[in-house]
Amino acid sequence: MSESMRPTPEAERLHQELEAVWGNPPGWRGRLSAVNHSTLGLRFMVTGLVFFLLGGVLAMLIRTQLALPDQAFMSPEIYAQVTTMHGTVMMFLFAIPVLEGLAIYLIPKMIGARDLACPRLTAFGYWCYLFGGIILFSSLLLEMAPDSGWFMYTPLSSSEFAPGPGSDFWLLGITFVEISALAAGVEITVSILRTRAPGMALHRMPLFAWYILAMALMIVVGFPPLILGSVLLELERAAGMPFFTVAGGGDPILWQHLFWLFGHPEVYIIFLPAAGIVSTLIPVFAGRPIVGYGWVVAAIIITGFISFGLWVHHMFTVGIPQLAQAFFSAASMLVAVPTAIQVFAWLATLWLGRPRMALPMLWVTGFLVIFVCGGLTGVMLALVPFNWQVHDTHFVVAHLHYVLVGGMFFPLVAGAYYWLPLVTGRMPSERLGRLGFWLTFLGFNLTFLIMHWTGLLGMPRRVYTYDSAMGWDLFNLISSVGGFMMAAGIAAVLVDLVLHGRYGRRAPRNPWGADTLEWSLAMPPANYNFASLPRVESRHPLWVNPTLGDEIARGEHERPGAAHGRRELLGGEALTGRVREVIHLPVNSLLPLFAALCLAVVCIGLLVRLYPLALVGLAGAGILLLRWSWENGGHPRAAPLGRDELESPPLHSRTADGPGRWTMGVALLADGAFFLSLLFGWFYLWTVSPQWQMPDRSPLSLPLLLASGAALTLGSLWLERRAAALQRGRESGLVLALTGIAALGGLHLVLLVWGLWAAGLAPTVTAHDATLTVGLAYLLGHAGLAAILAALQAWRAQLGLVGARLPFEPGVVALLWRYQLGVYWILVAAMALLPRLTGAGS
Amino acid sequence: MKSLRRWWGPSHPAQLLLGLTLWSLWFVAIYAGLSVACALAPPGAGQGALTAINGGIALLTLATLALLAWLAWRGLCAGRQAAGGGRFIALVGAGLHVYAAAGVAFVAWPLVALPPCL
């Protein structure tokens, strides 16, 4: 240990003080209740790695089956399950969670924070992921796995052609896992925008944080369409509501739209964090700042947007109008521009720097080669005539592996090698790492480069065997050999990862000469990350001040220690990073675990069609989540009001705009994406479905809907007024007002239930009634939540947990009411008024 | 109102999202509008590309292009005068507006040049 790294007595005292507040409790209870971002980030990554290995075994089974013609190694039924589960596991249980885990682990360390803004949400997300993943994967062990392909096209996945529970496992398991993705998306967004180090304005933020911010927002907007699709398909399978059945007025193509509205952005959700790794590593190993920081930021934002406008290029062969194909073909080519900007920025940085070909850079180089090839075949696939020719062939399989393995896996391994010394304090083995790289790189290209030719020769994907006369034998054999070579390379990497913790040499501080804040920390980092919170005035804090780590450890920066006994972050302005408040965080808790367990009960209850059990689980989850929200703000277990209150900056619960408000805002963005998808489904079925039946008279009672809406509008306006008054310090009559608002919420709910009951809908007969039922159920759920939260606010005001000195919470609840107000009137207009106005049924 | 004016400013982070949001709105309006127009009033056979529908697309496209070009120019001017974070946002925002405008033109080109409702 160098002289500068030896802890001073003051640093030691700070360490003990902070560890007492931020540490994970010992024993099993402690492990299960941990909410620390480092612990949970690593758990996400390790769990993702386990699923990766399982998915990899499935890939090897596929290659074994296809190695020779006319093989009977697997039956067609098992082969269909294996291919479906390989894609599902790799996309949903490995790629997304492992990148989320990386972001959860790294982002606070990179932006100079002690944790994420919502630590219990991190824990909740992890448990949902673990339980959802186990439930989904168990289907394979039970030989009941889904077998309709990883995109579950209807009607192949509908009950007529997939009568077993396989599709249910997929739909329920994936929805469960997606709760985890959404939780991570919401909290990472809020953390990056609101908890950066003082002075870290947006233009000084590490590029990795920009990439992760884009990924998080894309998850927030991109996942809800698939959640809606899964809910609708499960309702069709379990209850017979015909959303995707033509005879009932539904349309199977709606599933494809909803799936690819998620599915195409998903590719970029996976690619962007990986590109973030590349943009972090290249400047470090080139020894100079990245060329065109602003251009790269622009490219990230463009990718995030444009990726939502390309989904139809997955559907060029389903019979959509030719002009629409031209339209989406052009849009698909546009996305190549931001990708090219990034590639040129990386090449220019290498060109102008003095690159060191260390182990992580080897993997980055592999990424550049493979990903550029995958990108080029992507542009080929954007061309409609070519797309028609190779649709559903092995060419597409090869392309997607070039993009996903090249674009995600190679950078991920580069990142793993780069950050390993930070996590474990030890260096990986160069020899094993290089062996692993070359085996993986050569094996990958042997498998998938050749697969392009197999596809061009016409071999369709998902066929379990082929005749020797087709001429595909040699290509498939080479691909299979390459697959096993790649597996050997990955095994070498894994061996290195496992062994280096024990046998690797001790890492020197900042071993790569990096510029970002995470390398100012102890290796491995303490639970609290920073003993004092640094001010950041540069994009490259460690290049500007290489002794920053020692200064931080000695407590020479802001808010050293934790004598107050609270877990605290600095909350800053989103643009400038100027400190606005001190955010106090909740501590370790078992509530996230128990809430996720209750949701697992819901999932299993729905799977086995034991609906009372699912209802019990849902009620349990609801109660636990509300209990979780109760321990907040001025609650004795959070930050009770005291005489020596912080004034400048204040605690966030004493302000009107803490991270909870941002969390609610971003969560409502996801909710809005779900709602818009529902609205899209309504209009799509209405205008496109060949046997859609619009009744002559809308079954919805307009007077009841207007009365219910009036109660909601009054309640919402009243709540806005009271929240504003509270922020001005006026709290007289607060309890009564909040009780009145809750009562109006209750009235809104009751009138809505009455409206639903009076409508006499037949949701199992027509897609029209089924869609109305889902729309009204959506409104009912929100109405119930809004009323309950308002009632809880009244109770908290009665207990003194909400008031002029604690004005924060009503503003958060008001956001939900405002949202409900908006979606309510939009839905009433779309589903009750518009059909009347257009005379659609007549 | 004051908050809206602040959001509209060329150095506000909202500018990073505005250009591509306009692109998205144009994209949705054209895609949905074209479908509805073709369902309600399809042009006669053999009319080619010179139809009212294509005229409407061209007009909306030109208006969107003009707005995006103005926003880009405004961002560029503001970026030259500002410093630090404000300069960064204004210049990156201007670049994004230019890209959005190029995206509008590139996607609109086949729509205007080909007969509608194919």
# chains A, B, ... in the order shown; residues from 1 in each chain; ligands from 1
call {"tool": "select_by_dssp", "arguments": {"residues": "stretch 107-332 of chain A", "states": "alpha helix (DSSP H)", "output": "JSON, numbers by chain"}}
result
{"A": [107, 108, 109, 110, 111, 119, 120, 121, 122, 123, 124, 125, 126, 127, 128, 129, 130, 131, 132, 133, 134, 135, 136, 137, 138, 139, 140, 141, 166, 167, 168, 169, 170, 171, 172, 173, 174, 175, 176, 177, 178, 179, 180, 181, 182, 183, 184, 185, 186, 187, 188, 189, 190, 191, 192, 193, 194, 207, 208, 209, 210, 211, 212, 213, 214, 215, 216, 217, 218, 219, 220, 221, 222, 223, 224, 225, 226, 227, 228, 229, 230, 231, 232, 233, 234, 235, 236, 237, 238, 239, 252, 253, 254, 255, 256, 257, 258, 259, 260, 261, 262, 263, 264, 265, 266, 267, 268, 269, 270, 271, 272, 273, 274, 275, 276, 277, 278, 279, 280, 281, 282, 283, 284, 285, 286, 293, 294, 295, 296, 297, 298, 299, 300, 301, 302, 303, 304, 305, 306, 322, 323, 324, 325, 326, 327, 328, 329, 330, 331, 332]}
call {"tool": "residues_around", "arguments": {"residues": "stretch 17-28 of chain B", "least_positions_apart": "6", "cutoff": "9 Å", "atoms": "only C-alpha atoms", "output": "PyMOL selection string"}}
result
(chain A and resi 301-302+305-306+308-309) or (chain B and resi 60-61+64+68+71-72+93-94+96-101+103-104+107)
call {"tool": "closest_residue", "arguments": {"among": "B:Leu62, B:Leu76, B:Ala49, B:Leu16", "to": "chain A", "atoms": "only C-alpha atoms"}}
result
B:Leu16
call {"tool": "residues_around", "arguments": {"residues": "A:Gln798", "least_positions_apart": "2", "cutoff": "12 Å", "atoms": "only C-alpha atoms", "output": "list in words"}}
result
Glu731, Ser732, Gly733, Leu734, Val735, Leu736, Ala737, Leu738, Thr739, Ala791, Leu792, Gln793, Ala794, Trp795, Arg796, Gly800, Leu801, Val802 and Gly803 of chain A
call {"tool": "write_last_selection", "arguments": {"atoms": "N, CA and C atoms", "output": "PDB file, in the first residue's frame"}}
result
ATOM      1  N   GLU A 731     -51.442  25.662   6.733  1.00  0.00           N
ATOM      2  CA  GLU A 731     -51.854  24.268   6.968  1.00  0.00           C
ATOM      3  C   GLU A 731     -53.185  24.142   7.705  1.00  0.00           C
ATOM      4  N   SER A 732     -53.877  25.259   7.962  1.00  0.00           N
ATOM      5  CA  SER A 732     -55.135  25.160   8.706  1.00  0.00           C
ATOM      6  C   SER A 732     -56.168  24.374   7.892  1.00  0.00           C
ATOM      7  N   GLY A 733     -56.874  23.488   8.593  1.00  0.00           N
ATOM      8  CA  GLY A 733     -57.920  22.689   7.950  1.00  0.00           C
ATOM      9  C   GLY A 733     -57.382  21.625   7.014  1.00  0.00           C
ATOM     10  N   LEU A 734     -56.112  21.274   7.162  1.00  0.00           N
ATOM     11  CA  LEU A 734     -55.483  20.340   6.215  1.00  0.00           C
ATOM     12  C   LEU A 734     -56.105  18.944   6.288  1.00  0.00           C
ATOM     13  N   VAL A 735     -56.311  18.474   7.545  1.00  0.00           N
ATOM     14  CA  VAL A 735     -56.829  17.108   7.710  1.00  0.00           C
ATOM     15  C   VAL A 735     -58.212  16.999   7.074  1.00  0.00           C
ATOM     16  N   LEU A 736     -59.029  17.986   7.346  1.00  0.00           N
ATOM     17  CA  LEU A 736     -60.387  17.984   6.805  1.00  0.00           C
ATOM     18  C   LEU A 736     -60.356  18.017   5.271  1.00  0.00           C
ATOM     19  N   ALA A 737     -59.491  18.882   4.756  1.00  0.00           N
ATOM     20  CA  ALA A 737     -59.409  19.003   3.293  1.00  0.00           C
ATOM     21  C   ALA A 737     -58.959  17.687   2.667  1.00  0.00           C
ATOM     22  N   LEU A 738     -57.944  17.083   3.228  1.00  0.00           N
ATOM     23  CA  LEU A 738     -57.449  15.819   2.647  1.00  0.00           C
ATOM     24  C   LEU A 738     -58.498  14.715   2.771  1.00  0.00           C
ATOM     25  N   THR A 739     -59.254  14.748   3.880  1.00  0.00           N
ATOM     26  CA  THR A 739     -60.338  13.764   4.031  1.00  0.00           C
ATOM     27  C   THR A 739     -61.394  13.992   2.955  1.00  0.00           C
ATOM     28  N   ALA A 791     -56.404   9.408   1.364  1.00  0.00           N
ATOM     29  CA  ALA A 791     -56.848   9.080   2.735  1.00  0.00           C
ATOM     30  C   ALA A 791     -55.641   8.912   3.651  1.00  0.00           C
ATOM     31  N   LEU A 792     -54.601   8.271   3.157  1.00  0.00           N
ATOM     32  CA  LEU A 792     -53.387   8.097   3.978  1.00  0.00           C
ATOM     33  C   LEU A 792     -52.739   9.449   4.275  1.00  0.00           C
ATOM     34  N   GLN A 793     -52.822  10.363   3.309  1.00  0.00           N
ATOM     35  CA  GLN A 793     -52.278  11.701   3.554  1.00  0.00           C
ATOM     36  C   GLN A 793     -53.049  12.397   4.672  1.00  0.00           C
ATOM     37  N   ALA A 794     -54.361  12.217   4.669  1.00  0.00           N
ATOM     38  CA  ALA A 794     -55.175  12.806   5.745  1.00  0.00           C
ATOM     39  C   ALA A 794     -54.744  12.242   7.093  1.00  0.00           C
ATOM     40  N   TRP A 795     -54.530  10.957   7.112  1.00  0.00           N
ATOM     41  CA  TRP A 795     -54.105  10.296   8.353  1.00  0.00           C
ATOM     42  C   TRP A 795     -52.722  10.813   8.792  1.00  0.00           C
ATOM     43  N   ARG A 796     -51.829  10.922   7.843  1.00  0.00           N
ATOM     44  CA  ARG A 796     -50.475  11.406   8.162  1.00  0.00           C
ATOM     45  C   ARG A 796     -50.518  12.858   8.642  1.00  0.00           C
ATOM     46  N   GLY A 800     -49.292  14.496  12.247  1.00  0.00           N
ATOM     47  CA  GLY A 800     -48.217  15.495  12.175  1.00  0.00           C
ATOM     48  C   GLY A 800     -47.091  15.114  11.235  1.00  0.00           C
ATOM     49  N   LEU A 801     -47.329  14.109  10.382  1.00  0.00           N
ATOM     50  CA  LEU A 801     -46.285  13.701   9.428  1.00  0.00           C
ATOM     51  C   LEU A 801     -46.378  14.471   8.103  1.00  0.00           C
ATOM     52  N   VAL A 802     -47.454  15.238   7.961  1.00  0.00           N
ATOM     53  CA  VAL A 802     -47.596  16.141   6.812  1.00  0.00           C
ATOM     54  C   VAL A 802     -48.069  17.478   7.368  1.00  0.00           C
ATOM     55  N   GLY A 803     -47.473  18.552   6.928  1.00  0.00           N
ATOM     56  CA  GLY A 803     -47.861  19.873   7.432  1.00  0.00           C
ATOM     57  C   GLY A 803     -46.999  20.949   6.795  1.00  0.00           C
TER      58      GLY A 803
END
call {"tool": "residues_around", "arguments": {"residues": "A:Arg354", "least_positions_apart": "6", "cutoff": "10 Å", "atoms": "only C-alpha atoms", "output": "list in words"}}
result
Pro283, Val284, Phe285, Ala286, Gly287 and Arg288 of chain A
call {"tool": "write_last_selection", "arguments": {"atoms": "C-alpha atoms", "output": "CSV table (one decimal), in the first residue's frame"}}
result
chain,number,residue,atom,x,y,z
A,283,PRO,CA,-10.6,7.5,-23.9
A,284,VAL,CA,-8.9,5.8,-20.9
A,285,PHE,CA,-6.8,3.5,-23.0
A,286,ALA,CA,-6.2,6.2,-25.7
A,287,GLY,CA,-5.0,8.5,-22.9
A,288,ARG,CA,-7.1,11.4,-24.1
call {"tool": "residues_around", "arguments": {"residues": "stretch 320-335 of chain A", "least_positions_apart": "5", "cutoff": "9 Å", "atoms": "only C-alpha atoms", "output": "PyMOL selection string"}}
result
(chain A and resi 302-303+306-307+309-313+315+340+378-379+381-384) or (chain B and resi 31+103+106-108+110-111+114-118)
call {"tool": "atom_distance", "arguments": {"atom1": "atom CA of A:Leu700", "atom2": "atom CA of A:Tyr611"}}
result
27.5 Å
call {"tool": "residues_around", "arguments": {"residues": "A:Leu569", "least_positions_apart": "5", "cutoff": "10 Å", "atoms": "only C-alpha atoms", "output": "JSON, numbers by chain"}}
result
{"A": [112, 113, 114, 115, 116, 117, 194, 195, 196, 197, 533, 559, 581, 582, 583, 584, 585, 651, 652]}
call {"tool": "write_last_selection", "arguments": {"atoms": "C-alpha atoms", "output": "mmCIF file, in the first residue's frame"}}
result
data_model
loop_
_atom_site.group_PDB
_atom_site.id
_atom_site.type_symbol
_atom_site.label_atom_id
_atom_site.label_comp_id
_atom_site.auth_asym_id
_atom_site.auth_seq_id
_atom_site.Cartn_x
_atom_site.Cartn_y
_atom_site.Cartn_z
ATOM 1 C CA GLY A 112 -20.286 11.032 -6.829
ATOM 2 C CA ALA A 113 -23.228 9.719 -4.779
ATOM 3 C CA ARG A 114 -23.429 7.289 -1.881
ATOM 4 C CA ASP A 115 -26.380 5.301 -3.240
ATOM 5 C CA LEU A 116 -29.247 5.454 -5.703
ATOM 6 C CA ALA A 117 -32.188 7.697 -4.888
ATOM 7 C CA ARG A 194 -30.990 14.609 -9.165
ATOM 8 C CA THR A 195 -28.120 13.123 -7.179
ATOM 9 C CA ARG A 196 -24.972 14.039 -9.074
ATOM 10 C CA ALA A 197 -21.971 15.469 -7.265
ATOM 11 C CA LEU A 533 -18.744 14.099 -1.334
ATOM 12 C CA ARG A 559 -20.741 16.287 4.206
ATOM 13 C CA GLU A 581 -31.338 19.767 -0.649
ATOM 14 C CA VAL A 582 -30.091 16.849 1.409
ATOM 15 C CA ILE A 583 -31.880 13.646 0.474
ATOM 16 C CA HIS A 584 -32.422 11.226 3.354
ATOM 17 C CA LEU A 585 -32.721 7.612 2.294
ATOM 18 C CA LEU A 651 -33.747 17.905 4.107
ATOM 19 C CA HIS A 652 -35.755 16.970 1.025
#
call {"tool": "closest_residue", "arguments": {"among": "B:Ala45, B:Ala105, B:Ala63, B:Val92", "to": "chain A", "atoms": "only C-alpha atoms"}}
result
B:Val92
call {"tool": "residues_around", "arguments": {"residues": "A:Val750", "least_positions_apart": "3", "cutoff": "10 Å", "atoms": "only C-alpha atoms", "output": "list of chain:residue names"}}
result
A:Ser708, A:Leu744, A:Gly745, A:Gly746, A:Leu747, A:Val753, A:Trp754, A:Gly755, A:Leu756, A:Leu780, A:Ala783, A:Gly784
call {"tool": "write_last_selection", "arguments": {"atoms": "N, CA and C atoms", "output": "short mmCIF file (atom, residue, chain, number, x, y, z; two decimals), in the first residue's frame"}}
result
data_model
loop_
_atom_site.label_atom_id
_atom_site.label_comp_id
_atom_site.auth_asym_id
_atom_site.auth_seq_id
_atom_site.Cartn_x
_atom_site.Cartn_y
_atom_site.Cartn_z
N SER A 708 -68.76 10.87 -12.46
CA SER A 708 -67.53 10.33 -11.88
C SER A 708 -66.35 11.26 -12.18
N LEU A 744 -63.93 12.47 -2.23
CA LEU A 744 -64.24 12.69 -3.65
C LEU A 744 -63.62 11.59 -4.51
N GLY A 745 -62.42 11.16 -4.12
CA GLY A 745 -61.78 10.05 -4.83
C GLY A 745 -62.62 8.79 -4.71
N GLY A 746 -63.16 8.57 -3.51
CA GLY A 746 -64.02 7.41 -3.28
C GLY A 746 -65.28 7.48 -4.14
N LEU A 747 -65.86 8.69 -4.22
CA LEU A 747 -67.07 8.88 -5.02
C LEU A 747 -66.77 8.60 -6.51
N VAL A 753 -67.36 2.25 -10.79
CA VAL A 753 -67.78 0.85 -10.65
C VAL A 753 -69.22 0.70 -11.12
N TRP A 754 -70.03 1.66 -10.73
CA TRP A 754 -71.44 1.66 -11.15
C TRP A 754 -71.52 1.70 -12.69
N GLY A 755 -70.72 2.57 -13.27
CA GLY A 755 -70.71 2.69 -14.74
C GLY A 755 -70.33 1.38 -15.40
N LEU A 756 -69.34 0.71 -14.84
CA LEU A 756 -68.89 -0.57 -15.40
C LEU A 756 -69.98 -1.62 -15.27
N LEU A 780 -60.18 2.23 -12.93
CA LEU A 780 -60.59 1.83 -11.57
C LEU A 780 -59.37 1.64 -10.67
N ALA A 783 -58.07 4.97 -9.82
CA ALA A 783 -58.99 5.70 -8.94
C ALA A 783 -58.85 5.19 -7.50
N GLY A 784 -58.78 3.87 -7.36
CA GLY A 784 -58.64 3.29 -6.02
C GLY A 784 -57.35 3.75 -5.36
#
call {"tool": "atom_distance", "arguments": {"atom1": "atom CA of A:Ala574", "atom2": "atom CA of B:Ala83"}}
result
17.5 Å
call {"tool": "closest_residue", "arguments": {"among": "A:Val221, A:Cys603, A:Leu404, A:Ile62", "to": "A:Leu676", "atoms": "only C-alpha atoms"}}
result
A:Val221
call {"tool": "select_by_dssp", "arguments": {"residues": "stretch 536-709 of chain A", "states": "strand (DSSP E)", "output": "list in words"}}
result
Arg567, Glu568, Leu569, Leu570, Gly571, Gly572, Val579, Arg580, Glu581, Val582, Ile583, His584 and Leu585 of chain A
call {"tool": "decode", "arguments": {"residues": "stretch 741-807 of chain A", "atoms": "C-alpha atoms", "output": "mmCIF file, in the first residue's frame"}}
result
data_model
loop_
_atom_site.group_PDB
_atom_site.id
_atom_site.type_symbol
_atom_site.label_atom_id
_atom_site.label_comp_id
_atom_site.auth_asym_id
_atom_site.auth_seq_id
_atom_site.Cartn_x
_atom_site.Cartn_y
_atom_site.Cartn_z
ATOM 1 C CA ILE A 741 -60.392 14.952 -1.251
ATOM 2 C CA ALA A 742 -60.186 11.253 -0.363
ATOM 3 C CA ALA A 743 -64.003 11.165 -0.173
ATOM 4 C CA LEU A 744 -64.236 12.691 -3.652
ATOM 5 C CA GLY A 745 -61.778 10.049 -4.828
ATOM 6 C CA GLY A 746 -64.022 7.405 -3.283
ATOM 7 C CA LEU A 747 -67.066 8.876 -5.024
ATOM 8 C CA HIS A 748 -65.208 8.863 -8.345
ATOM 9 C CA LEU A 749 -64.389 5.205 -7.767
ATOM 10 C CA VAL A 750 -67.922 4.197 -6.790
ATOM 11 C CA LEU A 751 -69.463 5.959 -9.794
ATOM 12 C CA LEU A 752 -66.944 4.295 -12.066
ATOM 13 C CA VAL A 753 -67.783 0.853 -10.646
ATOM 14 C CA TRP A 754 -71.441 1.655 -11.154
ATOM 15 C CA GLY A 755 -70.706 2.689 -14.743
ATOM 16 C CA LEU A 756 -68.889 -0.570 -15.405
ATOM 17 C CA TRP A 757 -71.658 -2.622 -13.851
ATOM 18 C CA ALA A 758 -74.412 -0.710 -15.667
ATOM 19 C CA ALA A 759 -72.677 -1.128 -19.021
ATOM 20 C CA GLY A 760 -73.398 -4.873 -18.978
ATOM 21 C CA LEU A 761 -70.337 -5.602 -21.081
ATOM 22 C CA ALA A 762 -69.703 -9.017 -22.589
ATOM 23 C CA PRO A 763 -65.887 -9.020 -22.632
ATOM 24 C CA THR A 764 -65.571 -12.641 -23.711
ATOM 25 C CA VAL A 765 -67.765 -12.121 -26.761
ATOM 26 C CA THR A 766 -66.328 -9.109 -28.579
ATOM 27 C CA ALA A 767 -62.967 -7.388 -28.637
ATOM 28 C CA HIS A 768 -64.890 -4.105 -28.330
ATOM 29 C CA ASP A 769 -66.315 -5.007 -24.940
ATOM 30 C CA ALA A 770 -63.057 -6.631 -23.863
ATOM 31 C CA THR A 771 -61.105 -3.442 -24.626
ATOM 32 C CA LEU A 772 -63.685 -1.290 -22.829
ATOM 33 C CA THR A 773 -63.416 -3.586 -19.805
ATOM 34 C CA VAL A 774 -59.642 -3.281 -19.703
ATOM 35 C CA GLY A 775 -59.853 0.504 -20.133
ATOM 36 C CA LEU A 776 -62.326 0.868 -17.294
ATOM 37 C CA ALA A 777 -60.367 -1.535 -15.093
ATOM 38 C CA TYR A 778 -57.267 0.610 -15.707
ATOM 39 C CA LEU A 779 -59.167 3.692 -14.571
ATOM 40 C CA LEU A 780 -60.587 1.832 -11.572
ATOM 41 C CA GLY A 781 -57.153 0.743 -10.383
ATOM 42 C CA HIS A 782 -55.849 4.284 -10.544
ATOM 43 C CA ALA A 783 -58.989 5.698 -8.941
ATOM 44 C CA GLY A 784 -58.637 3.288 -6.021
ATOM 45 C CA LEU A 785 -54.972 4.119 -5.549
ATOM 46 C CA ALA A 786 -55.601 7.869 -5.733
ATOM 47 C CA ALA A 787 -58.352 7.659 -3.106
ATOM 48 C CA ILE A 788 -56.285 5.466 -0.770
ATOM 49 C CA LEU A 789 -53.221 7.703 -1.011
ATOM 50 C CA ALA A 790 -55.313 10.805 -0.299
ATOM 51 C CA ALA A 791 -56.848 9.080 2.735
ATOM 52 C CA LEU A 792 -53.387 8.097 3.978
ATOM 53 C CA GLN A 793 -52.278 11.701 3.554
ATOM 54 C CA ALA A 794 -55.175 12.806 5.745
ATOM 55 C CA TRP A 795 -54.105 10.296 8.353
ATOM 56 C CA ARG A 796 -50.475 11.406 8.162
ATOM 57 C CA ALA A 797 -51.552 15.046 8.502
ATOM 58 C CA GLN A 798 -53.511 14.045 11.612
ATOM 59 C CA LEU A 799 -50.335 12.444 13.037
ATOM 60 C CA GLY A 800 -48.217 15.495 12.175
ATOM 61 C CA LEU A 801 -46.285 13.701 9.428
ATOM 62 C CA VAL A 802 -47.596 16.141 6.812
ATOM 63 C CA GLY A 803 -47.861 19.873 7.432
ATOM 64 C CA ALA A 804 -46.322 23.259 6.764
ATOM 65 C CA ARG A 805 -42.887 22.025 7.850
ATOM 66 C CA LEU A 806 -43.341 18.738 5.972
ATOM 67 C CA PRO A 807 -45.075 19.873 2.770
#
